[in-house]
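Asker: What follows is start_9.txt, compact mmCIF, N, CA and C atoms.
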```
# COMPACT_ATOMS: atom_id res chain seq x y z
N MET A 1 3.97 -30.06 -9.67
CA MET A 1 3.26 -28.81 -9.89
C MET A 1 3.97 -28.02 -10.98
N ARG A 2 3.21 -27.49 -11.91
CA ARG A 2 3.76 -26.68 -13.00
C ARG A 2 4.28 -25.35 -12.48
N THR A 3 5.31 -24.85 -13.12
CA THR A 3 5.84 -23.53 -12.77
C THR A 3 5.56 -22.52 -13.87
N GLU A 4 5.13 -23.00 -15.05
CA GLU A 4 4.85 -22.10 -16.17
C GLU A 4 3.62 -22.59 -16.92
N ALA A 5 2.73 -21.65 -17.28
CA ALA A 5 1.54 -21.99 -18.05
C ALA A 5 1.92 -22.24 -19.50
N LEU A 6 1.01 -22.82 -20.26
CA LEU A 6 1.28 -23.14 -21.65
C LEU A 6 1.59 -21.90 -22.49
N ASN A 7 1.05 -20.73 -22.08
CA ASN A 7 1.31 -19.50 -22.84
C ASN A 7 2.49 -18.71 -22.29
N GLY A 8 3.21 -19.27 -21.32
CA GLY A 8 4.42 -18.63 -20.80
C GLY A 8 4.25 -17.84 -19.52
N LEU A 9 3.02 -17.69 -19.02
CA LEU A 9 2.83 -16.98 -17.75
C LEU A 9 3.44 -17.79 -16.61
N LYS A 10 4.09 -17.09 -15.69
CA LYS A 10 4.72 -17.72 -14.54
C LYS A 10 4.26 -17.06 -13.26
N LYS A 11 4.47 -17.75 -12.15
CA LYS A 11 4.14 -17.19 -10.85
C LYS A 11 4.90 -15.88 -10.66
N GLY A 12 4.18 -14.85 -10.24
CA GLY A 12 4.79 -13.54 -10.02
C GLY A 12 4.60 -12.57 -11.18
N ASP A 13 4.19 -13.07 -12.36
CA ASP A 13 3.97 -12.19 -13.51
C ASP A 13 2.79 -11.26 -13.25
N ARG A 14 2.91 -10.01 -13.70
CA ARG A 14 1.80 -9.06 -13.62
C ARG A 14 0.96 -9.20 -14.87
N VAL A 15 -0.37 -9.22 -14.69
CA VAL A 15 -1.29 -9.43 -15.81
C VAL A 15 -2.49 -8.49 -15.70
N ARG A 16 -3.20 -8.39 -16.82
CA ARG A 16 -4.50 -7.72 -16.83
C ARG A 16 -5.42 -8.55 -17.72
N HIS A 17 -6.73 -8.40 -17.49
CA HIS A 17 -7.71 -9.10 -18.31
C HIS A 17 -7.78 -8.41 -19.65
N LYS A 18 -7.91 -9.18 -20.73
CA LYS A 18 -7.94 -8.59 -22.07
C LYS A 18 -9.13 -7.65 -22.26
N LYS A 19 -10.20 -7.83 -21.49
CA LYS A 19 -11.37 -6.96 -21.61
C LYS A 19 -11.31 -5.75 -20.68
N SER A 20 -10.20 -5.54 -19.99
CA SER A 20 -10.12 -4.47 -18.99
C SER A 20 -10.19 -3.07 -19.59
N SER A 21 -9.95 -2.92 -20.87
CA SER A 21 -10.01 -1.60 -21.49
C SER A 21 -11.40 -1.28 -22.04
N GLY A 22 -12.35 -2.20 -21.90
CA GLY A 22 -13.70 -1.99 -22.41
C GLY A 22 -14.57 -1.16 -21.48
N ASN A 23 -15.86 -1.16 -21.74
CA ASN A 23 -16.81 -0.35 -20.99
C ASN A 23 -17.36 -1.02 -19.74
N ASN A 24 -17.22 -2.33 -19.62
CA ASN A 24 -17.77 -3.07 -18.48
C ASN A 24 -16.97 -2.75 -17.21
N HIS A 25 -17.66 -2.23 -16.20
CA HIS A 25 -17.00 -1.81 -14.96
C HIS A 25 -16.24 -2.95 -14.29
N TRP A 26 -16.82 -4.17 -14.30
CA TRP A 26 -16.16 -5.29 -13.64
C TRP A 26 -14.81 -5.59 -14.28
N TYR A 27 -14.77 -5.66 -15.61
CA TYR A 27 -13.51 -5.95 -16.29
C TYR A 27 -12.51 -4.81 -16.14
N GLN A 28 -12.99 -3.57 -16.05
CA GLN A 28 -12.09 -2.44 -15.87
C GLN A 28 -11.29 -2.57 -14.57
N SER A 29 -11.87 -3.23 -13.57
CA SER A 29 -11.18 -3.39 -12.30
C SER A 29 -10.13 -4.50 -12.34
N LEU A 30 -10.10 -5.27 -13.43
CA LEU A 30 -9.15 -6.39 -13.55
C LEU A 30 -7.96 -5.97 -14.41
N ASN A 31 -7.30 -4.89 -14.01
CA ASN A 31 -6.19 -4.38 -14.80
C ASN A 31 -4.85 -4.44 -14.06
N ASN A 32 -4.84 -4.99 -12.86
CA ASN A 32 -3.60 -5.06 -12.09
C ASN A 32 -3.61 -6.33 -11.24
N GLY A 33 -3.15 -7.42 -11.82
CA GLY A 33 -3.15 -8.70 -11.11
C GLY A 33 -1.77 -9.34 -11.11
N THR A 34 -1.60 -10.28 -10.21
CA THR A 34 -0.36 -11.03 -10.10
C THR A 34 -0.68 -12.52 -10.14
N VAL A 35 0.02 -13.26 -10.98
CA VAL A 35 -0.16 -14.71 -11.05
C VAL A 35 0.35 -15.31 -9.75
N GLU A 36 -0.53 -16.01 -9.04
CA GLU A 36 -0.16 -16.64 -7.77
C GLU A 36 0.21 -18.11 -7.93
N ASP A 37 -0.38 -18.78 -8.93
CA ASP A 37 -0.10 -20.20 -9.13
C ASP A 37 -0.55 -20.61 -10.52
N VAL A 38 -0.07 -21.74 -10.99
CA VAL A 38 -0.41 -22.29 -12.30
C VAL A 38 -1.10 -23.62 -12.09
N SER A 39 -2.17 -23.88 -12.85
CA SER A 39 -2.89 -25.15 -12.71
C SER A 39 -2.03 -26.30 -13.23
N LEU A 40 -2.42 -27.51 -12.89
CA LEU A 40 -1.67 -28.69 -13.33
C LEU A 40 -1.70 -28.84 -14.85
N SER A 41 -2.81 -28.45 -15.48
CA SER A 41 -2.91 -28.56 -16.94
C SER A 41 -2.10 -27.49 -17.65
N GLY A 42 -1.83 -26.36 -16.97
CA GLY A 42 -1.12 -25.26 -17.58
C GLY A 42 -2.01 -24.35 -18.41
N LYS A 43 -3.31 -24.65 -18.46
CA LYS A 43 -4.25 -23.85 -19.26
C LYS A 43 -4.86 -22.71 -18.46
N THR A 44 -4.76 -22.76 -17.14
CA THR A 44 -5.33 -21.72 -16.29
C THR A 44 -4.31 -21.30 -15.24
N VAL A 45 -4.50 -20.07 -14.74
CA VAL A 45 -3.66 -19.55 -13.67
C VAL A 45 -4.55 -18.94 -12.60
N TYR A 46 -4.03 -18.88 -11.39
CA TYR A 46 -4.73 -18.25 -10.28
C TYR A 46 -4.17 -16.85 -10.12
N VAL A 47 -5.06 -15.85 -10.12
CA VAL A 47 -4.64 -14.45 -10.13
C VAL A 47 -5.20 -13.72 -8.92
N LYS A 48 -4.35 -12.94 -8.27
CA LYS A 48 -4.76 -12.05 -7.19
C LYS A 48 -4.81 -10.64 -7.76
N TRP A 49 -5.98 -10.00 -7.68
CA TRP A 49 -6.18 -8.66 -8.23
C TRP A 49 -6.14 -7.64 -7.11
N VAL A 50 -5.54 -6.48 -7.38
CA VAL A 50 -5.53 -5.38 -6.43
C VAL A 50 -6.14 -4.15 -7.10
N ASP A 51 -6.67 -3.23 -6.30
CA ASP A 51 -7.26 -2.01 -6.84
C ASP A 51 -6.19 -0.94 -7.02
N GLY A 52 -6.60 0.25 -7.39
CA GLY A 52 -5.68 1.34 -7.65
C GLY A 52 -4.87 1.78 -6.45
N ARG A 53 -5.34 1.45 -5.23
CA ARG A 53 -4.61 1.81 -4.01
C ARG A 53 -3.73 0.67 -3.51
N GLY A 54 -3.70 -0.43 -4.27
CA GLY A 54 -2.88 -1.57 -3.88
C GLY A 54 -3.55 -2.50 -2.88
N GLN A 55 -4.84 -2.31 -2.65
CA GLN A 55 -5.58 -3.14 -1.72
C GLN A 55 -6.12 -4.38 -2.44
N TYR A 56 -6.12 -5.52 -1.75
CA TYR A 56 -6.65 -6.76 -2.29
C TYR A 56 -8.08 -6.54 -2.78
N HIS A 57 -8.38 -7.01 -3.98
CA HIS A 57 -9.68 -6.78 -4.60
C HIS A 57 -10.42 -8.09 -4.88
N HIS A 58 -9.73 -9.06 -5.47
CA HIS A 58 -10.40 -10.27 -5.96
C HIS A 58 -9.34 -11.33 -6.22
N TRP A 59 -9.72 -12.60 -6.06
CA TRP A 59 -8.81 -13.71 -6.35
C TRP A 59 -9.60 -14.77 -7.07
N ALA A 60 -9.12 -15.25 -8.20
CA ALA A 60 -9.85 -16.26 -8.97
C ALA A 60 -8.92 -16.95 -9.97
N MET A 61 -9.46 -18.02 -10.56
CA MET A 61 -8.76 -18.75 -11.59
C MET A 61 -9.24 -18.25 -12.95
N TYR A 62 -8.31 -18.03 -13.89
CA TYR A 62 -8.65 -17.54 -15.22
C TYR A 62 -7.95 -18.37 -16.28
N ARG A 63 -8.62 -18.54 -17.43
CA ARG A 63 -7.96 -19.16 -18.58
C ARG A 63 -6.84 -18.23 -19.04
N CYS A 64 -5.73 -18.81 -19.42
CA CYS A 64 -4.58 -18.01 -19.84
C CYS A 64 -4.88 -17.14 -21.06
N ASP A 65 -5.75 -17.61 -21.95
CA ASP A 65 -6.04 -16.82 -23.15
C ASP A 65 -6.87 -15.58 -22.86
N ALA A 66 -7.40 -15.43 -21.64
CA ALA A 66 -8.17 -14.24 -21.26
C ALA A 66 -7.28 -13.17 -20.64
N LEU A 67 -6.00 -13.47 -20.45
CA LEU A 67 -5.08 -12.55 -19.76
C LEU A 67 -3.95 -12.12 -20.68
N GLU A 68 -3.41 -10.95 -20.39
CA GLU A 68 -2.20 -10.51 -21.08
C GLU A 68 -1.20 -10.03 -20.05
N LYS A 69 0.05 -10.37 -20.29
CA LYS A 69 1.13 -9.99 -19.39
C LYS A 69 1.43 -8.51 -19.56
N ILE A 70 1.71 -7.82 -18.45
CA ILE A 70 2.10 -6.42 -18.50
C ILE A 70 3.45 -6.26 -17.82
N ASP A 71 4.19 -5.26 -18.23
CA ASP A 71 5.48 -5.01 -17.60
C ASP A 71 5.28 -4.13 -16.37
N GLU A 72 6.35 -3.76 -15.73
CA GLU A 72 6.26 -2.98 -14.48
C GLU A 72 5.66 -1.59 -14.68
N GLY A 73 5.72 -1.06 -15.90
CA GLY A 73 5.16 0.25 -16.19
C GLY A 73 3.69 0.19 -16.55
N GLY A 74 3.11 -1.01 -16.63
CA GLY A 74 1.70 -1.17 -16.94
C GLY A 74 1.40 -1.32 -18.41
N LYS A 75 2.42 -1.45 -19.25
CA LYS A 75 2.22 -1.60 -20.70
C LYS A 75 2.26 -3.07 -21.07
N ASN A 76 1.70 -3.40 -22.23
CA ASN A 76 1.77 -4.78 -22.73
C ASN A 76 3.22 -5.19 -22.88
N ASN A 77 3.50 -6.42 -22.58
CA ASN A 77 4.87 -6.91 -22.63
C ASN A 77 5.01 -7.87 -23.80
N GLU A 78 4.67 -7.41 -25.00
CA GLU A 78 4.75 -8.28 -26.18
C GLU A 78 5.82 -7.85 -27.11
```
Could you write out this structure as structure tokens?
Answerer:
Amino acid sequence: MRTEALNGLKKGDRVRHKKSSGNNHWYQSLNNGTVEDVSLSGKTVYVKWVDGRGQYHHWAMYRCDALEKIDEGGKNNE
């Protein structure tokens, strides 16, 4: 089992969807996620999303290029 995705995301990293700053309500809710696992290919990761109150919101697999890593303060970590 892989421990790191091809773009460097690892289990436990905080991420947000790249479209989360847009106008679409669904993507706006994808701004606080945690990488739970990495696929065997390393091209996708499994992300658990929580809402603003820290409650479980959604869990799904996403392509790594659709996500960006954020630091603990919620800013881009680039």
Asker: For the atom pair atom N of Ala5 (chain A) and atom C of Asn23 (chain A), what is the interatomic distance in Å to one decimal place?
Answerer: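 These two atoms are separated by 28.9 Å.
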Asker: If you run DSSP on the backbone here, which positions in chain A get alpha helix (DSSP H)? Please write them as a CSV table (one decimal) with N, CA and C atoms, in the frame of the given file.
Answerer:
```
chain,number,residue,atom,x,y,z
A,25,HIS,N,-17.7,-2.2,-16.2
A,25,HIS,CA,-17.0,-1.8,-15.0
A,25,HIS,C,-16.2,-3.0,-14.3
A,26,TRP,N,-16.8,-4.2,-14.3
A,26,TRP,CA,-16.2,-5.3,-13.6
A,26,TRP,C,-14.8,-5.6,-14.3
A,27,TYR,N,-14.8,-5.7,-15.6
A,27,TYR,CA,-13.5,-6.0,-16.3
A,27,TYR,C,-12.5,-4.8,-16.1
A,28,GLN,N,-13.0,-3.6,-16.0
A,28,GLN,CA,-12.1,-2.4,-15.9
A,28,GLN,C,-11.3,-2.6,-14.6
```
Asker: May I have the residues within 9 Å of Met1 (chain A) as a ChimeraX atom specification, using only C-alpha atoms and disregarding those fewer than 3 positions away in the same chain?
Answerer: /A:38-40
Asker: Taking into account only C-alpha atoms, which residue in the set A:Met61, A:Val47, A:Leu30, A:Leu67 is nearest to Gly8 (chain A)?
Answerer: A:Leu67
Asker: In the coordinate frame of the file, compute which residues have an atom within 12 Å of (7.2, -22.3, -15.6) when using only C-alpha atoms, and state them as a list in words.
Answerer: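 The residues that fall inside the cut-off are Met1, Arg2, Thr3, Glu4, Ala5, Leu6, Asn7, Gly8, Leu9, Lys10, Lys11, Gly12, Asp13, Val35, Asp37, Val38, Ser39, Leu40, Ser41, Gly42 and Val45 of chain A.
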Asker: Have a look at A:Lys69, A:Ser21, A:Ser29, A:Cys64 and name the one nearest to Asp51 (chain A); count all atoms listed in the file.
Answerer: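 Smallest distance to Asp51 (chain A) is found for A:Ser29.
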Asker: From the options A:Ala66, A:Lys48, A:Asp71, A:Gln55, which residue's atoms come nearest to Lys19 (chain A), counting only N, CA and C atoms?
Answerer: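 Ranking A:Ala66, A:Lys48, A:Asp71, A:Gln55 by distance to Lys19 (chain A), first place goes to A:Ala66.
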Asker: Considering only C-alpha atoms, can you say which of A:Asn32, A:Gly22, A:Tyr27, A:His17 comes closest to Tyr56 (chain A)?
Answerer: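 Closest residue, counting only C-alpha atoms: A:Asn32.
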Asker: Take CA of Glu68 (chain A) and CA of Gly54 (chain A) and report the distance between them in Å, one decimal.
Answerer: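 CA of Glu68 (chain A) sits 19.4 Å away from CA of Gly54 (chain A).
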Asker: Assign secondary structure with DSSP using the backbone only, and return the residues of chain A in strand (DSSP E) as a PyMOL selection string.
Answerer: chain A and resi 14-17+33-38+44-50+56-63+67-69
